[in-house]
$ cat upload.pdb   # PDB, C-alpha atoms
ATOM      1  CA  MET A 284    -370.266  64.077 141.320
ATOM      2  CA  ALA A 285    -367.420  66.629 141.434
ATOM      3  CA  SER A 286    -365.820  64.718 144.305
ATOM      4  CA  ARG A 287    -365.212  61.695 142.102
ATOM      5  CA  PRO A 288    -361.446  61.450 141.532
ATOM      6  CA  GLU A 289    -361.890  59.890 138.082
ATOM      7  CA  LEU A 290    -363.597  63.111 136.930
ATOM      8  CA  GLN A 291    -360.756  65.336 138.135
ATOM      9  CA  ALA A 292    -357.668  63.876 136.460
ATOM     10  CA  PRO A 293    -356.238  60.652 135.012
ATOM     11  CA  PRO A 294    -355.255  58.159 137.749
ATOM     12  CA  GLU A 295    -351.512  58.390 137.116
ATOM     13  CA  ILE A 296    -351.765  62.184 137.565
ATOM     14  CA  PHE A 297    -354.363  62.365 140.335
ATOM     15  CA  TYR A 298    -352.479  59.880 142.526
ATOM     16  CA  ASN A 299    -349.189  61.771 142.615
ATOM     17  CA  ASP A 300    -346.613  61.518 145.415
ATOM     18  CA  ASP A 301    -348.554  63.773 147.807
ATOM     19  CA  GLU A 302    -351.951  62.172 147.147
ATOM     20  CA  ALA A 303    -350.514  58.650 147.392
ATOM     21  CA  ARG A 304    -349.018  59.287 150.833
ATOM     22  CA  LYS A 305    -352.130  61.116 152.039
ATOM     23  CA  TYR A 306    -354.317  58.273 150.792
ATOM     24  CA  THR A 307    -352.254  55.595 152.537
ATOM     25  CA  SER A 308    -351.941  57.467 155.840
ATOM     26  CA  SER A 309    -355.684  58.080 156.258
ATOM     27  CA  SER A 310    -357.110  55.792 158.940
ATOM     28  CA  ARG A 311    -360.580  56.183 157.429
ATOM     29  CA  ILE A 312    -359.428  55.027 153.974
ATOM     30  CA  ILE A 313    -357.440  52.154 155.484
ATOM     31  CA  ASP A 314    -360.553  50.958 157.319
ATOM     32  CA  ILE A 315    -362.741  51.259 154.204
ATOM     33  CA  GLN A 316    -360.214  49.424 152.038
ATOM     34  CA  ALA A 317    -359.939  46.617 154.589
ATOM     35  CA  LYS A 318    -363.717  46.129 154.768
ATOM     36  CA  LEU A 319    -364.143  46.204 150.997
ATOM     37  CA  SER A 320    -361.272  43.771 150.488
ATOM     38  CA  GLU A 321    -362.653  41.377 153.095
ATOM     39  CA  ARG A 322    -366.053  41.497 151.401
ATOM     40  CA  ALA A 323    -364.434  40.892 148.006
ATOM     41  CA  MET A 324    -362.609  37.862 149.421
ATOM     42  CA  GLU A 325    -365.893  36.586 150.828
ATOM     43  CA  LEU A 326    -367.553  36.882 147.420
ATOM     44  CA  LEU A 327    -364.514  35.278 145.763
ATOM     45  CA  ALA A 328    -365.521  32.088 147.607
ATOM     46  CA  LEU A 329    -362.132  30.364 147.495
ATOM     47  CA  PRO A 330    -361.977  26.774 148.806
ATOM     48  CA  GLU A 331    -361.148  26.622 152.507
ATOM     49  CA  ASP A 332    -358.554  23.878 152.199
ATOM     50  CA  GLY A 333    -355.510  25.739 153.481
ATOM     51  CA  VAL A 334    -353.861  25.800 150.046
ATOM     52  CA  PRO A 335    -352.543  29.276 149.115
ATOM     53  CA  ARG A 336    -353.826  30.646 145.819
ATOM     54  CA  LEU A 337    -352.296  33.089 143.363
ATOM     55  CA  LEU A 338    -354.568  36.140 143.230
ATOM     56  CA  LEU A 339    -354.573  39.308 141.174
ATOM     57  CA  ASP A 340    -355.250  42.729 142.710
ATOM     58  CA  ILE A 341    -356.256  45.109 139.915
ATOM     59  CA  GLY A 342    -355.674  48.740 140.818
ATOM     60  CA  CYS A 343    -353.729  47.669 143.903
ATOM     61  CA  GLY A 344    -352.530  51.196 144.730
ATOM     62  CA  SER A 345    -350.285  51.272 147.772
ATOM     63  CA  GLY A 346    -351.118  47.695 148.732
ATOM     64  CA  LEU A 347    -353.893  48.288 151.272
ATOM     65  CA  SER A 348    -356.194  45.664 149.773
ATOM     66  CA  GLY A 349    -353.214  43.365 149.246
ATOM     67  CA  GLU A 350    -352.734  43.186 153.005
ATOM     68  CA  THR A 351    -356.078  41.402 153.264
ATOM     69  CA  LEU A 352    -354.925  38.868 150.671
ATOM     70  CA  THR A 353    -351.702  38.270 152.586
ATOM     71  CA  GLU A 354    -353.545  37.863 155.900
ATOM     72  CA  SER A 355    -355.764  35.274 154.193
ATOM     73  CA  GLY A 356    -352.651  33.230 153.401
ATOM     74  CA  HIS A 357    -352.571  33.822 149.642
ATOM     75  CA  GLN A 358    -349.917  35.056 147.249
ATOM     76  CA  TRP A 359    -350.823  37.956 145.033
ATOM     77  CA  ILE A 360    -349.800  40.138 142.122
ATOM     78  CA  GLY A 361    -350.772  43.805 142.135
ATOM     79  CA  LEU A 362    -351.193  46.018 139.079
ATOM     80  CA  ASP A 363    -351.585  49.797 139.114
ATOM     81  CA  ILE A 364    -351.064  52.694 136.710
ATOM     82  CA  SER A 365    -349.785  55.120 139.374
ATOM     83  CA  GLU A 366    -346.031  54.893 139.920
ATOM     84  CA  SER A 367    -346.372  57.012 143.068
ATOM     85  CA  MET A 368    -348.816  54.517 144.591
ATOM     86  CA  LEU A 369    -346.524  51.592 143.809
ATOM     87  CA  ASN A 370    -343.548  53.434 145.315
ATOM     88  CA  VAL A 371    -345.500  53.774 148.572
ATOM     89  CA  ALA A 372    -346.328  50.061 148.378
ATOM     90  CA  LEU A 373    -342.617  49.274 148.066
ATOM     91  CA  GLU A 374    -341.831  51.496 151.058
ATOM     92  CA  ARG A 375    -344.461  49.650 153.069
ATOM     93  CA  GLU A 376    -342.821  46.349 152.041
ATOM     94  CA  THR A 377    -345.997  44.709 150.831
ATOM     95  CA  GLU A 378    -345.805  40.964 150.217
ATOM     96  CA  GLY A 379    -347.171  41.005 146.666
ATOM     97  CA  ASP A 380    -345.363  41.352 143.355
ATOM     98  CA  LEU A 381    -346.107  44.734 141.782
ATOM     99  CA  ILE A 382    -346.649  45.641 138.122
ATOM    100  CA  LEU A 383    -346.769  49.169 136.723
ATOM    101  CA  GLY A 384    -349.327  49.054 133.925
ATOM    102  CA  ASP A 385    -352.566  50.336 132.431
ATOM    103  CA  MET A 386    -355.375  47.806 132.794
ATOM    104  CA  GLY A 387    -357.121  49.464 129.835
ATOM    105  CA  GLN A 388    -354.380  48.085 127.601
ATOM    106  CA  GLY A 389    -354.697  44.542 128.937
ATOM    107  CA  LEU A 390    -353.243  42.893 132.015
ATOM    108  CA  GLY A 391    -350.264  41.177 130.400
ATOM    109  CA  VAL A 392    -350.500  38.068 132.597
ATOM    110  CA  ARG A 393    -349.975  34.522 131.336
ATOM    111  CA  PRO A 394    -353.201  32.668 130.445
ATOM    112  CA  GLY A 395    -354.832  30.448 133.043
ATOM    113  CA  VAL A 396    -352.433  31.097 135.959
ATOM    114  CA  ILE A 397    -354.611  33.273 138.245
ATOM    115  CA  ASP A 398    -356.880  31.553 140.773
ATOM    116  CA  GLY A 399    -358.952  34.657 141.496
ATOM    117  CA  ALA A 400    -358.971  38.425 141.065
ATOM    118  CA  ILE A 401    -360.232  41.379 143.067
ATOM    119  CA  SER A 402    -360.426  45.082 142.340
ATOM    120  CA  ILE A 403    -361.428  47.878 144.694
ATOM    121  CA  SER A 404    -362.731  51.143 143.200
ATOM    122  CA  ALA A 405    -360.734  50.931 139.974
ATOM    123  CA  VAL A 406    -362.685  49.594 136.999
ATOM    124  CA  GLN A 407    -364.944  52.657 136.601
ATOM    125  CA  TRP A 408    -361.844  54.694 135.630
ATOM    126  CA  LEU A 409    -361.932  52.860 132.278
ATOM    127  CA  CYS A 410    -365.178  54.622 131.378
ATOM    128  CA  ASN A 411    -363.358  57.960 131.042
ATOM    129  CA  ALA A 412    -361.413  59.094 127.984
ATOM    130  CA  ASP A 413    -358.428  60.707 129.682
ATOM    131  CA  ARG A 414    -356.524  61.030 126.397
ATOM    132  CA  SER A 415    -357.504  61.603 122.794
ATOM    133  CA  SER A 416    -356.419  58.030 122.041
ATOM    134  CA  HIS A 417    -358.656  56.566 124.744
ATOM    135  CA  GLU A 418    -361.904  54.888 123.698
ATOM    136  CA  PRO A 419    -363.732  53.533 126.797
ATOM    137  CA  ARG A 420    -365.352  50.663 124.890
ATOM    138  CA  LEU A 421    -362.038  49.457 123.479
ATOM    139  CA  ARG A 422    -360.360  49.772 126.884
ATOM    140  CA  LEU A 423    -363.122  47.802 128.606
ATOM    141  CA  LYS A 424    -362.896  45.161 125.893
ATOM    142  CA  ALA A 425    -359.114  44.846 126.313
ATOM    143  CA  PHE A 426    -359.405  44.689 130.103
ATOM    144  CA  PHE A 427    -362.122  42.057 130.386
ATOM    145  CA  GLY A 428    -360.683  40.002 127.539
ATOM    146  CA  SER A 429    -357.252  39.799 129.199
ATOM    147  CA  LEU A 430    -358.830  39.182 132.626
ATOM    148  CA  TYR A 431    -360.828  36.252 131.255
ATOM    149  CA  ARG A 432    -357.743  34.739 129.639
ATOM    150  CA  CYS A 433    -355.503  34.950 132.695
ATOM    151  CA  LEU A 434    -358.023  33.320 135.063
ATOM    152  CA  ALA A 435    -358.063  29.574 135.619
ATOM    153  CA  ARG A 436    -361.164  27.700 134.501
ATOM    154  CA  GLY A 437    -363.973  28.268 137.003
ATOM    155  CA  ALA A 438    -362.119  31.052 138.859
ATOM    156  CA  ARG A 439    -363.923  34.183 140.007
ATOM    157  CA  ALA A 440    -363.236  37.883 139.732
ATOM    158  CA  VAL A 441    -364.839  40.280 142.228
ATOM    159  CA  LEU A 442    -364.719  43.910 141.135
ATOM    160  CA  GLN A 443    -366.023  46.583 143.488
ATOM    161  CA  VAL A 444    -367.135  49.553 141.387
ATOM    162  CA  TYR A 445    -368.706  52.997 141.773
ATOM    163  CA  PRO A 446    -370.624  53.439 138.505
ATOM    164  CA  GLU A 447    -371.662  57.018 137.891
ATOM    165  CA  ASN A 448    -375.066  56.032 136.518
ATOM    166  CA  LEU A 449    -377.095  53.110 135.192
ATOM    167  CA  ALA A 450    -375.686  53.457 131.677
ATOM    168  CA  GLN A 451    -372.126  53.186 132.973
ATOM    169  CA  ARG A 452    -372.983  50.095 134.995
ATOM    170  CA  GLU A 453    -374.577  48.445 131.967
ATOM    171  CA  LEU A 454    -371.556  49.373 129.843
ATOM    172  CA  ILE A 455    -369.134  47.700 132.262
ATOM    173  CA  LEU A 456    -371.293  44.627 132.771
ATOM    174  CA  GLY A 457    -371.992  44.314 129.052
ATOM    175  CA  PHE A 458    -368.310  44.075 128.130
ATOM    176  CA  ALA A 459    -367.734  41.563 130.929
ATOM    177  CA  MET A 460    -370.444  39.344 129.468
ATOM    178  CA  ARG A 461    -369.062  39.722 125.944
ATOM    179  CA  ALA A 462    -365.651  38.564 127.145
ATOM    180  CA  GLY A 463    -367.229  35.262 128.203
ATOM    181  CA  PHE A 464    -367.886  35.820 131.901
ATOM    182  CA  SER A 465    -371.037  34.704 133.663
ATOM    183  CA  GLY A 466    -372.302  36.318 136.840
ATOM    184  CA  GLY A 467    -373.842  39.632 137.765
ATOM    185  CA  VAL A 468    -374.021  42.510 140.217
ATOM    186  CA  VAL A 469    -374.277  42.081 143.992
ATOM    187  CA  VAL A 470    -375.466  45.228 145.793
ATOM    188  CA  ASP A 471    -374.865  45.431 149.549
ATOM    189  CA  TYR A 472    -377.207  47.717 151.523
ATOM    190  CA  PRO A 473    -379.106  48.833 148.380
ATOM    191  CA  HIS A 474    -381.358  51.279 150.247
ATOM    192  CA  SER A 475    -378.547  53.066 152.123
ATOM    193  CA  THR A 476    -376.876  56.158 150.691
ATOM    194  CA  LYS A 477    -373.598  55.795 152.599
ATOM    195  CA  LYS A 478    -373.213  52.040 153.007
ATOM    196  CA  ARG A 479    -374.344  51.018 149.520
ATOM    197  CA  LYS A 480    -371.656  49.064 147.666
ATOM    198  CA  GLU A 481    -371.710  47.342 144.270
ATOM    199  CA  PHE A 482    -369.661  44.275 143.404
ATOM    200  CA  LEU A 483    -369.325  42.695 139.987
ATOM    201  CA  VAL A 484    -369.055  38.963 140.704
ATOM    202  CA  LEU A 485    -367.835  37.207 137.560
ATOM    203  CA  SER A 486    -367.025  33.574 136.869
ATOM    204  CA  CYS A 487    -364.638  32.378 134.197
ATOM    205  CA  GLY A 488    -366.752  30.052 132.096
ATOM    206  CA  PRO A 489    -370.360  28.902 132.493
ATOM    207  CA  PRO A 490    -371.774  28.840 136.038
ATOM    208  CA  SER A 491    -371.717  25.581 137.965
ATOM    209  CA  LEU A 492    -375.025  24.155 139.128
ATOM    210  CA  SER A 493    -373.438  23.341 142.474
ATOM    211  CA  SER A 494    -372.219  26.880 143.145
ATOM    212  CA  ALA A 495    -374.533  29.047 145.248
ATOM    213  CA  ALA A 496    -375.510  32.522 144.078
ATOM    214  CA  PRO A 497    -373.712  35.346 145.940
ATOM    215  CA  GLN A 498    -375.692  36.850 148.779
ATOM    216  CA  ALA A 499    -376.155  40.621 149.194
ATOM    217  CA  LYS A 500    -376.153  42.267 152.620
ATOM    218  CA  LEU A 501    -379.170  44.247 153.803
ATOM    219  CA  GLU A 502    -379.588  46.850 156.519
ATOM    220  CA  ASP A 503    -380.910  44.314 159.018
ATOM    221  CA  GLU A 504    -377.855  42.097 158.338
ATOM    222  CA  GLU A 505    -380.070  39.564 156.625
ATOM    223  CA  SER A 506    -378.934  38.355 153.236
ATOM    224  CA  CYS A 507    -380.751  37.792 150.020
ATOM    225  CA  SER A 508    -379.768  36.610 146.585
ATOM    226  CA  ASP A 509    -379.791  39.355 143.984
ATOM    227  CA  ASP A 510    -382.066  37.279 141.770
ATOM    228  CA  GLU A 511    -384.443  36.309 144.599
ATOM    229  CA  ASP A 512    -386.782  39.292 144.360
ATOM    230  CA  SER A 513    -385.865  41.187 141.237
ATOM    231  CA  SER A 514    -389.203  42.941 140.976
ATOM    232  CA  GLU A 515    -388.746  44.619 144.371
ATOM    233  CA  ASP A 516    -385.412  46.309 143.652
ATOM    234  CA  GLU A 517    -384.150  46.908 140.122
ATOM    235  CA  GLU A 518    -380.586  47.353 141.320
ATOM    236  CA  ASN A 519    -380.463  43.917 142.939
ATOM    237  CA  GLN A 520    -380.995  42.065 139.681
ATOM    238  CA  SER A 521    -378.531  39.362 138.722
ATOM    239  CA  VAL A 522    -377.402  38.801 135.168
ATOM    240  CA  SER A 523    -377.092  35.093 134.501
ATOM    241  CA  VAL A 524    -375.248  33.369 131.712
ATOM    242  CA  SER A 525    -378.503  32.906 129.819
ATOM    243  CA  ASP A 526    -378.810  36.687 129.564
ATOM    244  CA  ARG A 527    -375.521  37.001 127.707
ATOM    245  CA  HIS A 528    -375.789  37.767 124.040
ATOM    246  CA  ARG A 529    -373.680  39.257 121.342
ATOM    247  CA  PRO A 530    -375.178  42.309 119.676
ATOM    248  CA  ARG A 531    -376.691  41.523 116.320
ATOM    249  CA  LYS A 532    -375.673  43.433 113.264
ATOM    250  CA  LYS A 533    -378.091  46.211 112.504
ATOM    251  CA  GLN A 534    -380.256  45.409 109.530
ATOM    252  CA  LYS A 535    -380.517  48.052 106.854
ATOM    253  CA  LEU A 536    -384.028  49.406 106.668
ATOM    254  CA  ASN A 537    -385.734  50.856 103.600
ATOM    255  CA  LYS A 538    -383.289  49.163 101.286
ATOM    256  CA  LYS A 539    -383.896  50.328  97.733
ATOM    257  CA  VAL A 540    -384.600  47.462  95.336
ATOM    258  CA  LYS A 541    -383.034  47.893  91.885
ATOM    259  CA  GLY A 542    -385.814  47.324  89.358
ATOM    260  CA  ARG A 543    -385.980  46.057  85.794
ATOM    261  CA  GLU A 544    -385.411  49.468  84.219
ATOM    262  CA  TRP A 545    -382.146  50.002  86.113
ATOM    263  CA  ILE A 546    -380.886  46.533  85.177
ATOM    264  CA  LEU A 547    -381.675  47.027  81.472
ATOM    265  CA  LYS A 548    -379.808  50.331  81.428
ATOM    266  CA  ARG A 549    -376.880  48.683  83.168
ATOM    267  CA  LYS A 550    -376.787  45.872  80.593
ATOM    268  CA  ASP A 551    -376.892  48.354  77.704
ATOM    269  CA  LYS A 552    -373.974  50.231  79.207
ATOM    270  CA  MET A 553    -371.980  46.999  79.511
ATOM    271  CA  ARG A 554    -372.750  46.118  75.863
ATOM    272  CA  ARG A 555    -371.479  49.519  74.693
ATOM    273  CA  LYS A 556    -368.219  48.801  76.449
ATOM    274  CA  GLY A 557    -367.888  45.588  74.476
ATOM    275  CA  ASN A 558    -368.617  43.189  77.316
ATOM    276  CA  THR A 559    -370.490  39.941  76.838
ATOM    277  CA  VAL A 560    -373.930  40.345  78.397
ATOM    278  CA  PRO A 561    -376.802  37.800  78.483
ATOM    279  CA  ALA A 562    -379.735  38.611  76.214
ATOM    280  CA  ASP A 563    -382.808  40.288  77.665
ATOM    281  CA  SER A 564    -385.862  38.141  78.329
ATOM    282  CA  LYS A 565    -389.088  38.155  80.305
ATOM    283  CA  TYR A 566    -387.109  36.750  83.257
ATOM    284  CA  THR A 567    -384.674  39.664  83.403
ATOM    285  CA  ALA A 568    -384.817  41.359  86.830
ATOM    286  CA  ARG A 569    -387.559  39.016  87.993
ATOM    287  CA  LYS A 570    -387.261  38.288  91.709
ATOM    288  CA  ARG A 571    -386.695  34.647  92.507
ATOM    289  CA  LYS A 572    -388.804  32.806  95.017
ATOM    290  CA  ALA A 573    -387.350  31.632  98.307
ATOM    291  CA  ARG A 574    -387.141  28.071  97.027
ATOM    292  CA  PHE A 575    -387.674  26.287  93.734
TER     293      PHE A 575
END
$ encode --input "upload.pdb" --output "structure tokens"
Amino acid sequence: MASRPELQAPPEIFYNDDEARKYTSSSRIIDIQAKLSERAMELLALPEDGVPRLLLDIGCGSGLSGETLTESGHQWIGLDISESMLNVALERETEGDLILGDMGQGLGVRPGVIDGAISISAVQWLCNADRSSHEPRLRLKAFFGSLYRCLARGARAVLQVYPENLAQRELILGFAMRAGFSGGVVVDYPHSTKKRKEFLVLSCGPPSLSSAAPQAKLEDEESCSDDEDSSEDEENQSVSVSDRHRPRKKQKLNKKVKGREWILKRKDKMRRKGNTVPADSKYTARKRKARF
């Protein structure tokens, strides 16, 4: 786990000028980014009607994933916290509009204007507290809440993530569901160590009955729905809209009931202070029934 960049430094520090140029000039990284972006576009399932859409690239970096959006004929807006990465994107003359910002503080995009969103290897950074003021739960809440608001009704967001463990995956998915999204996790090549990739496929609003469930890729290039055989592979399970729930308030256990003796003492104390108190009777402190 030491090789994970999010465990080494905050993104705006880790991706400095040297790292940004090294990242963008690596042919291996360029190839990986292209494949992940193409897969994200496939899962985004935009209508094939030739009409360009306005897409959002969250954690766009130097614009490598944005090139896939441009080649697909769409317009896009990129957001990233690293100024060095965005400077490289400007030097490369990427087609998208670029925003310097922290997604953990909200996206700052007008409501309902985005037709789809992708993110490649960025959202898991929100699970780290890089500063004393950072609370991962609040940052995830701000991110998914603003993402839900800026998407058009029925639009999708496809977020490729590298969760560190099961708890982190559940944390990310849980806040997505609380924001109002429906959807779940699509795991490509779940039994491969190197090729395994996780995508959060989220829909803005309740799922449509006519929309097909996303298909995960397997080693033999066959595809299967992640809710088709949930008992076989735990990590291929899909979370549907019916699984969404808001956490209930914790009920206080072993609550002490104030008895008759305590109430009589309390009434005597109020009388000594000169307050008007009802007279004592056999009904004082008697527990009422649920209904009369």
$ resolve_selection --input "upload.pdb" --expression "the PyMOL selection byres ((chain A and resi 406-414) around 9)" --output "ChimeraX atom specification"
/A:288-290,292-294,341-342,386-387,402-405,415-420,422-423,426,442-447,451-452,454-455
$ residues_around --input "upload.pdb" --residues "Tyr431 (chain A)" --least-positions-apart "3" --cutoff "10 Å" --atoms "all atoms listed in the file" --output "list in words"
Pro394, Gly395, Ile397, Phe426, Phe427, Gly428, Leu434, Ala435, Arg436, Ala438, Arg439, Ala440, Ala459, Ala462, Gly463, Phe464, Leu485, Ser486, Cys487 and Gly488 of chain A
$ atom_distance --input "upload.pdb" --atom1 "CA of Gly466 (chain A)" --atom2 "CA of Glu325 (chain A)"
15.4 Å
$ atom_distance --input "upload.pdb" --atom1 "CA of Ser309 (chain A)" --atom2 "CA of Gly346 (chain A)"
13.6 Å
$ closest_residue --input "upload.pdb" --among "A:Tyr306, A:Tyr472, A:Phe482, A:Trp359" --to "Arg322 (chain A)" --atoms "all atoms listed in the file"
A:Phe482
$ residues_around --input "upload.pdb" --residues "Glu321 (chain A)" --least-positions-apart "3" --cutoff "10 Å" --atoms "all atoms listed in the file" --output "number ranges by chain"
A: 315-318, 324-327, 348, 351-352, 355
$ write_last_selection --input "upload.pdb" --atoms "C-alpha atoms" --output "PDB file, in the coordinates of the input"
ATOM      1  CA  ILE A 315    -362.741  51.259 154.204  1.00  0.00           C
ATOM      2  CA  GLN A 316    -360.214  49.424 152.038  1.00  0.00           C
ATOM      3  CA  ALA A 317    -359.939  46.617 154.589  1.00  0.00           C
ATOM      4  CA  LYS A 318    -363.717  46.129 154.768  1.00  0.00           C
ATOM      5  CA  MET A 324    -362.609  37.862 149.421  1.00  0.00           C
ATOM      6  CA  GLU A 325    -365.893  36.586 150.828  1.00  0.00           C
ATOM      7  CA  LEU A 326    -367.553  36.882 147.420  1.00  0.00           C
ATOM      8  CA  LEU A 327    -364.514  35.278 145.763  1.00  0.00           C
ATOM      9  CA  SER A 348    -356.194  45.664 149.773  1.00  0.00           C
ATOM     10  CA  THR A 351    -356.078  41.402 153.264  1.00  0.00           C
ATOM     11  CA  LEU A 352    -354.925  38.868 150.671  1.00  0.00           C
ATOM     12  CA  SER A 355    -355.764  35.274 154.193  1.00  0.00           C
TER      13      SER A 355
END
$ residues_around --input "upload.pdb" --residues "region 362-376 of chain A" --least-positions-apart "6" --cutoff "7 Å" --atoms "all atoms listed in the file" --output "list in words"
Pro294, Glu295, Tyr298, Asn299, Asp300, Ala303, Arg304, Asp340, Ile341, Gly342, Cys343, Gly344, Ser345, Gly346, Ile382, Leu383, Gly384 and Asp385 of chain A
$ residues_around --input "upload.pdb" --residues "Lys541 (chain A)" --least-positions-apart "5" --cutoff "12 Å" --atoms "all atoms listed in the file" --output "PyMOL selection string"
chain A and resi 546-549+567-570
$ atom_distance --input "upload.pdb" --atom1 "CA of Leu339 (chain A)" --atom2 "CA of Gly391 (chain A)"
11.8 Å
$ resolve_selection --input "upload.pdb" --expression "the PyMOL selection byres ((chain A and resi 471) around 8)" --output "PyMOL selection string"
chain A and resi 469-470+472-473+478-481+499-501
$ closest_residue --input "upload.pdb" --among "A:Lys305, A:Arg393, A:Leu337, A:Arg554" --to "Asp380 (chain A)" --atoms "only C-alpha atoms"
A:Leu337
$ closest_residue --input "upload.pdb" --among "A:Val560, A:Ile401, A:His474, A:Arg287" --to "Leu338 (chain A)" --atoms "all atoms listed in the file"
A:Ile401
$ closest_residue --input "upload.pdb" --among "A:Gly399, A:Phe297, A:Ser320, A:Leu449" --to "Pro335 (chain A)" --atoms "all atoms listed in the file"
A:Gly399
